[in-house]
Structure formats: structure tokens, C-alpha cells
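Everything below concerns the one structure shown next.
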Amino acid sequence: MAEKQHLYLVDGSSYIFRAYHRLPPLTNPEGTPVGAVYGYTTMLWKLAKDLHQADGPTHLAVILDKSGTSFRNELYDAYKANRPPAPEDLVPQFPLIRDATRAFSLSCIEEEGLEADDMIASYAREAARQGWDVTIVSSDKDLMQLVGPSAGGGYIDMLDTMKNQRIDVAEVVEKFGVQPELVGDVLALMGDSVDNVPGIRGVGPKTATKLIQDYGDLESALAAAETMKPSKMRERLLDEADMARLSRLLVELKQDCALPLPLESFRLTEIPPAPLADFLRTHGFSSLLRRIDATEGTSPPAPAATGGVDSAPTRAASAGDRQEAPVMPPVDRSLYTCIQSLPELDAFLARAFATRSVAVDTETSALDAMQADLTGVSLALGPNDACYIPLGHGGTDMFAEKPQQIPLDVALARLKPLLESDTVLKIGQNIKYDLNVLARYGITVFPVDDTMAMSFALNAGRSEEGIGGGHGMDEQAERHLGHTTIKFKDVCGTGRSAISFAEVPLDRATEYAAEDADVTWRLHSILGNQLHDEGGTRIYERVDRPLIPVLAQMERHGIKVDREQLARLSSEFAERIGGLEKEIHALAGSEFTIGSPKQLGDVLFDRLGYKGGRKGKSGQYSTDQSVLEKLAGQGAEIATKVLDWRQLAKLKSTYTDALQAAINPATGRVHTSYSLVGAQTGRLSSTDPNLQNIPARTEIGRRIREAFVAEPGNVLLAADYSQIELRLAAHMADVPSLKDAFAKGEDIHARTAEEMFGMVDRDTRARAKTINFAILYGISRWGLASRLGVEADEAQAMIDRYFERFPGIQRYIVATLEQVRECGYSETLFGRKTWFPRINAKNQAERQGSERAAINAPIQGTCADIIKRAMARMMPELRAAGLGHIRMLLQVHDELVFELPENDVDAARPVIARVMNDAAGPAIRLDVPLGVEIGTGKNWDAAH
DNA sequence: CAGCTCACG
DNA sequence: GACGTACGTGAGCTGT
């Protein structure tokens, strides 16, 4: 039987655009940018390598766009008219793409007057007609029309090499909600802003899919517009039907182009090495070059980087000059070693000392760094040069035979000098975790770099949704290395059947753990260069990096909570909750689950017939605080009771119960975990438990704060920045009258009231305060109106008045939005970037949401930068004052909490106040003074 | 796992 | 034409 032919058609042009944006900048020895070319070359390499593999190519051709116009421009002269020009450092790479293709001795097709898509479609159809399978190497959505079985017996699918994902009918249906044959109809409705395909205005992917699903195809949907209920969409479908038809022609792929070369000429053979080697040498792609040499037997394969552009581990951001961008060999797990004897360990450590830069990762028995036991340590010195040192493997069964391992204490004694050496940089992904684990074994790791914090300094706000915000190692490995890591759950499983890492067999554990260190090392090398290129060094080096050991220390300190006090509150709350429950059920006339908004809504608005129920998009009544307060105001007793019940239930479950459970049995204290990458603005976040949202605003809530206490003989000291965000707004927006008021120590809300209303009383001051906050958060007339309980018109008048009195504020807002629209990011005074990818979104709500966030981010972020700087300087300054024993425990955005002997309060106060007040300088000289209020007491509430 | 609600700055 | 309308978080609960 004849071999099944499989043609791979590479969409070269679209690949390099994507590669350009996703790969690090990189230049060849002559200084020509070659980042995208490198990506393209490795892709061809991988594809060609799969010759003889099941489902691999037997034939391969590259299709490129030829510059110039196509037949589509005759249909629609604006076609692709608003394409931005290619980036400056991509342009010189286009001809190199042809060189690269030639170097692989592959065919390259480009035809005047046709687009690559048409040529790809024509070749794909012809090959499939002859019974060949076809894989289109592209992620272009237009090409998805072709996917599926074809007349003649061939089958067409696609391969997205960036995401390493096959695109088959199922993926197309998932993306477009319709079969591939109807993709063109969907595209015609939604249009394409990049290609300037008009579509129907106001119709995006969601609506387009829905229309085609509902009516079957484009013409039916257009015809059905007549019968639709009156709406903007109906009008546009009617008015713009011809635009949709034109769009349909534009997205139609021409599948009968003349084929310049016969299919058979694309047959893939072993690549002749000589021209390829020449090309790789010219552009400094030495890792690929070595692989050719290796297969040719001219030089041994090199597992670790030893020279050329592959080398040079860099002290990321502190390096004065940008390092040559690394071209790294792909991850090869077979090269990792498992270290089970002392001589092996000593040999590796000796090399680590010589290298002066080592990626470190610890494997442990639990996620909580304060409770986790060490299971092993992995180290990496360069790409594929990584090891795993098992230390606690053997599982839980004491009779089971344990694998050979260096005894824990012996190994740690050898590791300690390396991990504590000033001259060896330790690189980690979220290294704060490893710092805390190792600190519990008596090792103070220093100095460190953190690839997670580096990623955040570069890309805050840039990622799509997801835990870790795109700064997790697995996501970074995909993004920067194009590498799919082994996942923890693949090694240990999930749920009930999960095993601990200690039970994982050593060969598997080594692959996983050493890969983490390897990948971390690689990321560090790439991120260091990017930080340098993109101006992220300042914020990372000066603000976030120094904070890592400080936060680790705070987490290890923890804070004491009075378990008995919490238990007393829990039972008191339980009793009151029970009482309220009975009363609520009696008022309702039946028993129901009060904690279920669904049931509560039904009871209040359907059964009891209260007015004012509003339903959200889920079709459910809202029962939130503002709704219940309205009902209570109308005399609904049940609403008052539910509000009380809610408050107590919240306090009990989230605080009095949960905090008792959070007490660490070994230390008797509660240890939170701070995240440096938790908030897009640069603020910290706190988890497990969250100690940044302990009740403070209500009387009853503050009783929970009273349970946070100092050790006997000590007190808690709370130091707050006073109105720091408003002060920063006054400085950043340059508002003379506000700056003046702060300089004179006046009541700022009163001053605002005076400016706005010409008089100060309780009412005008309260309104002024609301308006001040509205400004910080990005104002809308509706938001302000609902807060002030006035009409939107009146709120708008107040906003106008505010901008009139404080024109600097309006200038600041306009300038900030301009910069964000232009550059895509906002910046704090210290240069922290926050990205706003939705700032130019078509959807109004989405766009306006981004605008408000963008107005707020520089202010909130600058505040975060300042307190972080204060925290990094705090302990050295206290030590200098002979107060090194004071413990800094908590940070709550504008507040620091310390624990110290009662006798040291008087000495500590001025030091803490000075460090916090001076934290912006010397880098930034603020036009307004900062203000710090300090209180002390036996518990956190009393310290305020 | 999503949605609702609510604790904080 | 309806929606949602202040910025930034994390956590517990209900219900699918």
C-alpha cells in the first residue's frame, strides 16, 4: 500500500508577525534584528524533524505574502487600508525568512496579486483532492474555513506552532460555534478591523455566531432581519446587508489559483547540512548549529551553554549593558541528573560557585511554606544543566524501602554556603516561598532574583485572566520559551488520589523538579534582557526585589491572635445568628436558607411582595446591602434582621472561625502570605489568610481586631499614612490649592468643600469627601450620583465645578488617558508600568472600565511604591538606631504594624515616622509632605 | 466552578 | 437596546 502523503503548508508571513511579538529581541553578530527569524528557523527545524514520524510531513512548502495589492482591493479599495506599517526592526527580517527557507532547501511560494491564504487554500484543496492529508501551519482564522474532510478523501487540519495546538473541526466549532463551512459567514458579519473587512457595525464574534446559529447562514440571517424585533442590530443588518455581502467575498478564499509548482516538488527529504550550517553560523544561531554538528559527528553535543550567544548567565537587571540575547537549546529532560551521593553533590556545587548564578527550587510536602517539609532541592546552572537532590523521598510507609539519598542534614550543610554566598546569585520563581522553607532549616538565602517579580515588573496587567496573572512559571515557559512544562498534577495527581512529592519515583521527580530549575534559569536570562530593554529595571531593582526578603521575614514573624477571644466571639455570634434566624423565618412565614441570595430574593420580592426588586442578568433578584437598606428604610423589619444576620454570619465564618483555624500549631501565630504580583497596580495582596481585610469600620467588627495582640511585655504599633492617595493626587496632578492645604496641615475635605460649595459644614464636607474619592477612582456622573443620592445632572454639575476649581486634575486625567491609549500602559512616579490592553476596546463598558482603572493606577501604584520603599529601608534604619529587635509584622496598603517591647515605643516612633515620611526620596521630591499617624496598644484595635 | 456578597485600603 | 456605572483586592457560601 502506498504511503499516505501528508503535505504541510507553512503560512510564513503570519508566523513571523506573531513570532516578532512573542519572542525576545535578538540580533545577529552584524547587529541585524533576527528574533522573528530565529523563531521561524526553530519552527522549520521542528517540522522538518518530524519527517518519518507518524502524522509528520512527507511534503512541505512555505507560502509567503508578496507585497502589493490583491484582487480583493479591486472589490473593496479600503481592503487592508488601515494596516499599520510593520515594526522597524521586523522589516529587515522579511528577506531573511526567504534565506532561512532556502537554507533548509525547502520550496517557497509567493505570487503577485494573490495572498498567501489563497495560495494555501488552493494547494490544500488540490492535495486533498488527490487524497493527501494536509496540515496548514498557521493560526489565521480565515484559513479555518478549510478544516475538515475534503472531496477526494484527503483531510485538512491546522497546526498552531506557537500554542503547539492542532486545530481540527472541534476547535473550529469551539471558536466560532459553527461548522468550518460557515466560518466565512460568521467572519462576514463580524468583519475584521485588522484587514479592514467592514462586516456589520456593532456585530462582533458573539453576535455573529448567534445569528448564523439561529438562521443557518449569512443570506438567511440578512433576510430574517425584516422579522426581527426593532433594535439597533436589526437596523444595521438591513442598512449594511451589502457590506456584509461584500465582506463575504473578501473573506472567501480563492481555491483555484494556478499552482506554480507541482505538489510532488514539495517532497521532504533529509535536509542537506551545508547551506543550513552556513545560515545558522551567519546569524549566530549556535545552539541549532551544534545540533547539526552533533548529528554530523563533527563536534560533541553540548548540554550546557559554553560559549557564543548561548552563554552568559546574567545578574538580570543589575547588568549595566544588555547581554547578548540567549539562543537556548530546547529543554531536554534526559540531560538532568539526580544527585544521590556526596561526591556528585560536591562536584555540582563547585561548578555553581564558579558560575556565580544558580536557579533554585525546593520541593516540599505542602503548599504552606510555614509548615512544609523539604522533600528535595533542584538547581540549574544553564540550559539543560540541572540537577535534583532528593532529600525526603520514600513516602509515608516506614517499612517501605527508601531510595538512596544524601542525608538531609549533610546535604543542607553543603548547600548552605552556596545559598548564603554573597557572590552567588540565587534565582527562583516566587523565591519568597523557598526563602521561607529554607529559613526554617537555618539557611538565609541571599542574594536573590525572582522571575515572577521580574515578569510582573514587565507585564503587570498584560495577561489574560488566570491565577498567577500570567506570571506563573508554566505560563511563562509557554510564552517565553515555547515550552510545555510537566505539571505538578501530572506528577502527583489531584484530589483524593493525589500523592505527595515524596512518593514520586526519583526518575520522574528529577524530570519535574530539575525542569523547574532549568526553566527558571532560562526565564531569568530572558526577563533580565527584557527588563533592561523596556525600562523595567528601576522598579524591579529599587522597589520590588529588595522587598522579597523583607516580606519573607514578615510572613515568618506572623502575628499573635488570642484564640480564646476569637472562640468567645464565635459562640456569641452563633447565638445571635440563631436568634435572628428564628425571627427572620417567623417574619417570612417559612424556613429558608438565609445565606442563599436566590431563596432570599424569592422570599422578599415574590412571597412577601416587597417592591424595589431588581434583577441582574442572571435573572435573579439582587439582595445586596444597598437593596436591603432601601427596604429597611421603607420599614421592612425582615430586611434589618437579614442585614444583621449577614454581618454576623460574615464575621463568624470569615474571621472568628477561620482565624482560629489559621493559627500555626508550631508558632501559635497566624502567618499570612503576601503576593508581590497580586494587584495590577503594584499593591501587595494577602492570602491564607487575608490579613488586609480584618474588620475596622464597625463597632462589632473591631472586636475581631482586638483579638490581634502583642506578646506579654510588648505592644503593637500601627503607623498609617494619612490620606496618602489624595496627597499624591495633589502632587501628580499639580493642584496648587490642594498642595497648599496639605502644606498647612488643613482638613483637606473641608478645603475641597470650601472650593466647591463656598462653605463648610457637615454636609458639604461629606459631599466633598465623596467627590475627592470619586476623582481618585475615575469619575462618572452616574457613580457619583448614586453615591451622593442626587440626579446625574447634578452630579455632572459638581464634576464640572470640581474641574473648574482644580483644572490640574482634569489635565492629569486627560494626559494619563492619552498616554495609556498611546503606549498601552500607565506609569507611577517610580516608573512602574501597568498595562491596559482593553483601553481601546470597542465595547463601551469595557473601555470605560479600563479608563477608570488607568486613572487610578498611577496614584494607587505610587502609593504602593512608596510604602514598599519604606518597608525595605525600615529594618536597616531601626537596626542603626539600636532597635533591630523590633518586628515588622503586617502591611495593609497604607499601614505598617510592628510588635515591640513597651519600653522601646518612644525610641521607635520617630524612626518609623521618618522612614515612612521620607520614603519617596531621594528618587522623587514630592511637592506635598506625607503624613504618618502612629498609635500603640496591647491589641491592633487599640493601636489606632 | 461561577455568582453573589462583603470584609479591607 | 440593555446594561451597568468608582479603583484595587480575597474569601466564604450556595447551587449547579
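Residues are referred to by chain and number: the chain letter is A, B, ... according to the order shown in the C-alpha cells, the number counts from 1 in that chain, and ligands are numbered separately from 1 in the order shown.
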
Original post:
Which chain B residues are at most 6 Å from chain A (counting only C-alpha atoms (C1' of nucleotides)), as JSON, numbers by chain?
Top reply: {"B": [7, 8, 9]}

The selected residues should be written to file as a short mmCIF file (atom, residue, chain, number, x, y, z; two decimals), in the first residue's frame (atoms: all heavy atoms).
```
data_model
loop_
_atom_site.label_atom_id
_atom_site.label_comp_id
_atom_site.auth_asym_id
_atom_site.auth_seq_id
_atom_site.Cartn_x
_atom_site.Cartn_y
_atom_site.Cartn_z
P DA B 7 -19.44 43.55 55.67
OP1 DA B 7 -20.09 42.98 56.85
OP2 DA B 7 -19.97 44.79 55.06
"O5'" DA B 7 -17.89 43.80 55.95
"C5'" DA B 7 -17.22 43.03 56.91
"C4'" DA B 7 -15.77 42.87 56.50
"O4'" DA B 7 -15.68 42.06 55.31
"C3'" DA B 7 -15.06 44.16 56.11
"O3'" DA B 7 -14.67 44.91 57.24
"C2'" DA B 7 -13.88 43.60 55.37
"C1'" DA B 7 -14.52 42.45 54.58
N9 DA B 7 -14.94 42.88 53.26
C8 DA B 7 -16.13 43.46 52.87
N7 DA B 7 -16.18 43.75 51.59
C5 DA B 7 -14.95 43.35 51.10
C6 DA B 7 -14.38 43.38 49.83
N6 DA B 7 -15.01 43.87 48.75
N1 DA B 7 -13.13 42.90 49.69
C2 DA B 7 -12.50 42.42 50.75
N3 DA B 7 -12.93 42.33 52.02
C4 DA B 7 -14.17 42.82 52.12
P DC B 8 -14.52 46.46 57.15
OP1 DC B 8 -14.42 46.94 58.53
OP2 DC B 8 -15.54 47.00 56.24
"O5'" DC B 8 -13.11 46.63 56.43
"C5'" DC B 8 -11.95 46.16 57.08
"C4'" DC B 8 -10.79 46.18 56.12
"O4'" DC B 8 -11.09 45.39 54.96
"C3'" DC B 8 -10.45 47.56 55.57
"O3'" DC B 8 -9.62 48.25 56.48
"C2'" DC B 8 -9.69 47.18 54.32
"C1'" DC B 8 -10.40 45.93 53.84
N1 DC B 8 -11.39 46.17 52.75
C2 DC B 8 -10.93 46.12 51.43
O2 DC B 8 -9.75 45.86 51.21
N3 DC B 8 -11.81 46.37 50.42
C4 DC B 8 -13.08 46.65 50.70
N4 DC B 8 -13.90 46.88 49.67
C5 DC B 8 -13.56 46.71 52.04
C6 DC B 8 -12.68 46.48 53.03
P DG B 9 -9.46 49.81 56.37
OP1 DG B 9 -8.73 50.28 57.54
OP2 DG B 9 -10.77 50.38 56.02
"O5'" DG B 9 -8.53 49.98 55.10
"C5'" DG B 9 -7.16 49.58 55.17
"C4'" DG B 9 -6.47 49.90 53.86
"O4'" DG B 9 -7.24 49.31 52.79
"C3'" DG B 9 -6.40 51.39 53.58
"O3'" DG B 9 -5.11 51.74 53.13
"C2'" DG B 9 -7.38 51.63 52.48
"C1'" DG B 9 -7.49 50.28 51.80
N9 DG B 9 -8.85 50.10 51.31
C8 DG B 9 -10.00 49.94 52.03
N7 DG B 9 -11.07 49.84 51.29
C5 DG B 9 -10.59 49.96 49.99
C6 DG B 9 -11.28 49.94 48.75
O6 DG B 9 -12.48 49.82 48.55
N1 DG B 9 -10.41 50.09 47.68
C2 DG B 9 -9.05 50.24 47.79
N2 DG B 9 -8.38 50.39 46.64
N3 DG B 9 -8.40 50.25 48.93
C4 DG B 9 -9.23 50.12 49.99
#
```

**OP:** Using only C-alpha atoms (C1' of nucleotides), find the residues of chain A whose closest atom to chain C is at most 6 Å away, then write them as a PyMOL selection string.
**Re:** chain A and resi 596+774+777+782-783+853+856

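You will find atom CA of Ile97 of chain A at 22.1 Å from atom CA of Pro262 of chain A.
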
**OP:** Based on DSSP run over this structure's backbone, return all residues of segment 733-911 of chain A in strand (DSSP E or B), as a ChimeraX atom specification.
**Re:** /A:825-827,833-835,887-891,895-901

Among segment 858-895 of chain A, which residues does DSSP mark as helix (DSSP H, G or I) when it is run on the backbone? Keep the chain and numbering as in the structure and answer as a short mmCIF file (atom, residue, chain, number, x, y, z; two decimals) with C-alpha atoms, in the first residue's frame.
```cif
data_model
loop_
_atom_site.label_atom_id
_atom_site.label_comp_id
_atom_site.auth_asym_id
_atom_site.auth_seq_id
_atom_site.Cartn_x
_atom_site.Cartn_y
_atom_site.Cartn_z
CA PRO A 858 -0.64 55.72 38.83
CA ILE A 859 -1.92 57.06 42.15
CA GLN A 860 -2.61 53.75 43.84
CA GLY A 861 0.60 52.36 42.38
CA THR A 862 2.76 55.27 43.51
CA CYS A 863 1.35 54.84 47.00
CA ALA A 864 2.31 51.17 46.82
CA ASP A 865 5.81 52.03 45.62
CA ILE A 866 6.30 54.45 48.49
CA ILE A 867 5.28 52.11 51.27
CA LYS A 868 7.33 49.33 49.70
CA ARG A 869 10.39 51.59 49.76
CA ALA A 870 9.68 52.40 53.39
CA MET A 871 9.43 48.70 54.21
CA ALA A 872 12.71 47.86 52.52
CA ARG A 873 14.50 50.59 54.48
CA MET A 874 12.74 50.05 57.75
CA MET A 875 14.78 47.32 59.44
CA PRO A 876 18.20 48.71 58.48
CA GLU A 877 17.17 52.09 59.91
CA LEU A 878 15.79 50.54 63.07
CA ARG A 879 18.96 48.49 63.47
CA ALA A 880 21.02 51.63 63.06
#
```

**OP:** Excluding Phe592 of chain A and residues on its chain fewer than 2 positions from it, collect all residues at most 12 Å away from it, counting only C-alpha atoms (C1' of nucleotides), and give them as number ranges by chain.
**Re:** A: 581-590, 594-604

Those selected residues, please, written with N, CA, C and O atoms and delivered as a PDB file, in the first residue's frame.
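Below you can see out15.pdb, which holds the result:
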```
ATOM      1  N   GLU A 581     -32.118  34.109  63.055  1.00  0.00           N
ATOM      2  CA  GLU A 581     -32.642  33.154  62.093  1.00  0.00           C
ATOM      3  C   GLU A 581     -34.116  32.851  62.402  1.00  0.00           C
ATOM      4  O   GLU A 581     -34.949  32.864  61.495  1.00  0.00           O
ATOM      5  N   LYS A 582     -34.392  32.594  63.687  1.00  0.00           N
ATOM      6  CA  LYS A 582     -35.776  32.317  64.078  1.00  0.00           C
ATOM      7  C   LYS A 582     -36.685  33.486  63.725  1.00  0.00           C
ATOM      8  O   LYS A 582     -37.770  33.310  63.167  1.00  0.00           O
ATOM      9  N   GLU A 583     -36.217  34.693  64.093  1.00  0.00           N
ATOM     10  CA  GLU A 583     -37.054  35.877  63.840  1.00  0.00           C
ATOM     11  C   GLU A 583     -37.301  36.074  62.341  1.00  0.00           C
ATOM     12  O   GLU A 583     -38.401  36.413  61.916  1.00  0.00           O
ATOM     13  N   ILE A 584     -36.255  35.843  61.549  1.00  0.00           N
ATOM     14  CA  ILE A 584     -36.395  36.029  60.101  1.00  0.00           C
ATOM     15  C   ILE A 584     -37.369  35.009  59.525  1.00  0.00           C
ATOM     16  O   ILE A 584     -38.253  35.347  58.732  1.00  0.00           O
ATOM     17  N   HIS A 585     -37.232  33.771  59.966  1.00  0.00           N
ATOM     18  CA  HIS A 585     -38.148  32.731  59.488  1.00  0.00           C
ATOM     19  C   HIS A 585     -39.590  33.041  59.879  1.00  0.00           C
ATOM     20  O   HIS A 585     -40.511  32.837  59.100  1.00  0.00           O
ATOM     21  N   ALA A 586     -39.743  33.566  61.109  1.00  0.00           N
ATOM     22  CA  ALA A 586     -41.097  33.916  61.558  1.00  0.00           C
ATOM     23  C   ALA A 586     -41.665  35.028  60.672  1.00  0.00           C
ATOM     24  O   ALA A 586     -42.813  34.959  60.216  1.00  0.00           O
ATOM     25  N   LEU A 587     -40.851  36.054  60.410  1.00  0.00           N
ATOM     26  CA  LEU A 587     -41.321  37.158  59.578  1.00  0.00           C
ATOM     27  C   LEU A 587     -41.624  36.688  58.160  1.00  0.00           C
ATOM     28  O   LEU A 587     -42.527  37.202  57.494  1.00  0.00           O
ATOM     29  N   ALA A 588     -40.852  35.707  57.709  1.00  0.00           N
ATOM     30  CA  ALA A 588     -41.050  35.226  56.349  1.00  0.00           C
ATOM     31  C   ALA A 588     -42.226  34.258  56.266  1.00  0.00           C
ATOM     32  O   ALA A 588     -42.782  34.039  55.189  1.00  0.00           O
ATOM     33  N   GLY A 589     -42.532  33.669  57.410  1.00  0.00           N
ATOM     34  CA  GLY A 589     -43.624  32.712  57.416  1.00  0.00           C
ATOM     35  C   GLY A 589     -43.189  31.321  56.996  1.00  0.00           C
ATOM     36  O   GLY A 589     -44.029  30.437  56.817  1.00  0.00           O
ATOM     37  N   SER A 590     -41.884  31.113  56.827  1.00  0.00           N
ATOM     38  CA  SER A 590     -41.398  29.773  56.493  1.00  0.00           C
ATOM     39  C   SER A 590     -39.892  29.731  56.701  1.00  0.00           C
ATOM     40  O   SER A 590     -39.235  30.771  56.795  1.00  0.00           O
ATOM     41  N   ILE A 594     -31.164  31.513  54.631  1.00  0.00           N
ATOM     42  CA  ILE A 594     -30.982  32.962  54.565  1.00  0.00           C
ATOM     43  C   ILE A 594     -29.728  33.304  53.764  1.00  0.00           C
ATOM     44  O   ILE A 594     -29.671  34.316  53.066  1.00  0.00           O
ATOM     45  N   GLY A 595     -28.755  32.437  53.855  1.00  0.00           N
ATOM     46  CA  GLY A 595     -27.490  32.696  53.156  1.00  0.00           C
ATOM     47  C   GLY A 595     -27.565  32.508  51.655  1.00  0.00           C
ATOM     48  O   GLY A 595     -26.597  32.758  50.957  1.00  0.00           O
ATOM     49  N   SER A 596     -28.712  32.063  51.163  1.00  0.00           N
ATOM     50  CA  SER A 596     -28.845  31.900  49.720  1.00  0.00           C
ATOM     51  C   SER A 596     -29.536  33.115  49.111  1.00  0.00           C
ATOM     52  O   SER A 596     -30.718  33.334  49.323  1.00  0.00           O
ATOM     53  N   PRO A 597     -28.791  33.911  48.370  1.00  0.00           N
ATOM     54  CA  PRO A 597     -29.390  35.113  47.781  1.00  0.00           C
ATOM     55  C   PRO A 597     -30.604  34.754  46.920  1.00  0.00           C
ATOM     56  O   PRO A 597     -31.557  35.530  46.831  1.00  0.00           O
ATOM     57  N   LYS A 598     -30.550  33.601  46.301  1.00  0.00           N
ATOM     58  CA  LYS A 598     -31.648  33.163  45.440  1.00  0.00           C
ATOM     59  C   LYS A 598     -32.936  32.997  46.261  1.00  0.00           C
ATOM     60  O   LYS A 598     -33.968  33.577  45.941  1.00  0.00           O
ATOM     61  N   GLN A 599     -32.814  32.198  47.335  1.00  0.00           N
ATOM     62  CA  GLN A 599     -34.004  31.969  48.164  1.00  0.00           C
ATOM     63  C   GLN A 599     -34.467  33.251  48.836  1.00  0.00           C
ATOM     64  O   GLN A 599     -35.661  33.526  48.916  1.00  0.00           O
ATOM     65  N   LEU A 600     -33.499  34.035  49.307  1.00  0.00           N
ATOM     66  CA  LEU A 600     -33.852  35.278  49.993  1.00  0.00           C
ATOM     67  C   LEU A 600     -34.597  36.223  49.049  1.00  0.00           C
ATOM     68  O   LEU A 600     -35.608  36.831  49.421  1.00  0.00           O
ATOM     69  N   GLY A 601     -34.104  36.311  47.825  1.00  0.00           N
ATOM     70  CA  GLY A 601     -34.756  37.180  46.850  1.00  0.00           C
ATOM     71  C   GLY A 601     -36.187  36.741  46.596  1.00  0.00           C
ATOM     72  O   GLY A 601     -37.117  37.564  46.552  1.00  0.00           O
ATOM     73  N   ASP A 602     -36.379  35.438  46.446  1.00  0.00           N
ATOM     74  CA  ASP A 602     -37.734  34.933  46.214  1.00  0.00           C
ATOM     75  C   ASP A 602     -38.650  35.266  47.383  1.00  0.00           C
ATOM     76  O   ASP A 602     -39.795  35.680  47.196  1.00  0.00           O
ATOM     77  N   VAL A 603     -38.125  35.071  48.605  1.00  0.00           N
ATOM     78  CA  VAL A 603     -38.947  35.348  49.786  1.00  0.00           C
ATOM     79  C   VAL A 603     -39.338  36.825  49.844  1.00  0.00           C
ATOM     80  O   VAL A 603     -40.508  37.176  50.009  1.00  0.00           O
ATOM     81  N   LEU A 604     -38.339  37.691  49.671  1.00  0.00           N
ATOM     82  CA  LEU A 604     -38.603  39.124  49.846  1.00  0.00           C
ATOM     83  C   LEU A 604     -39.530  39.676  48.759  1.00  0.00           C
ATOM     84  O   LEU A 604     -40.491  40.390  49.054  1.00  0.00           O
TER      85      LEU A 604
END
```
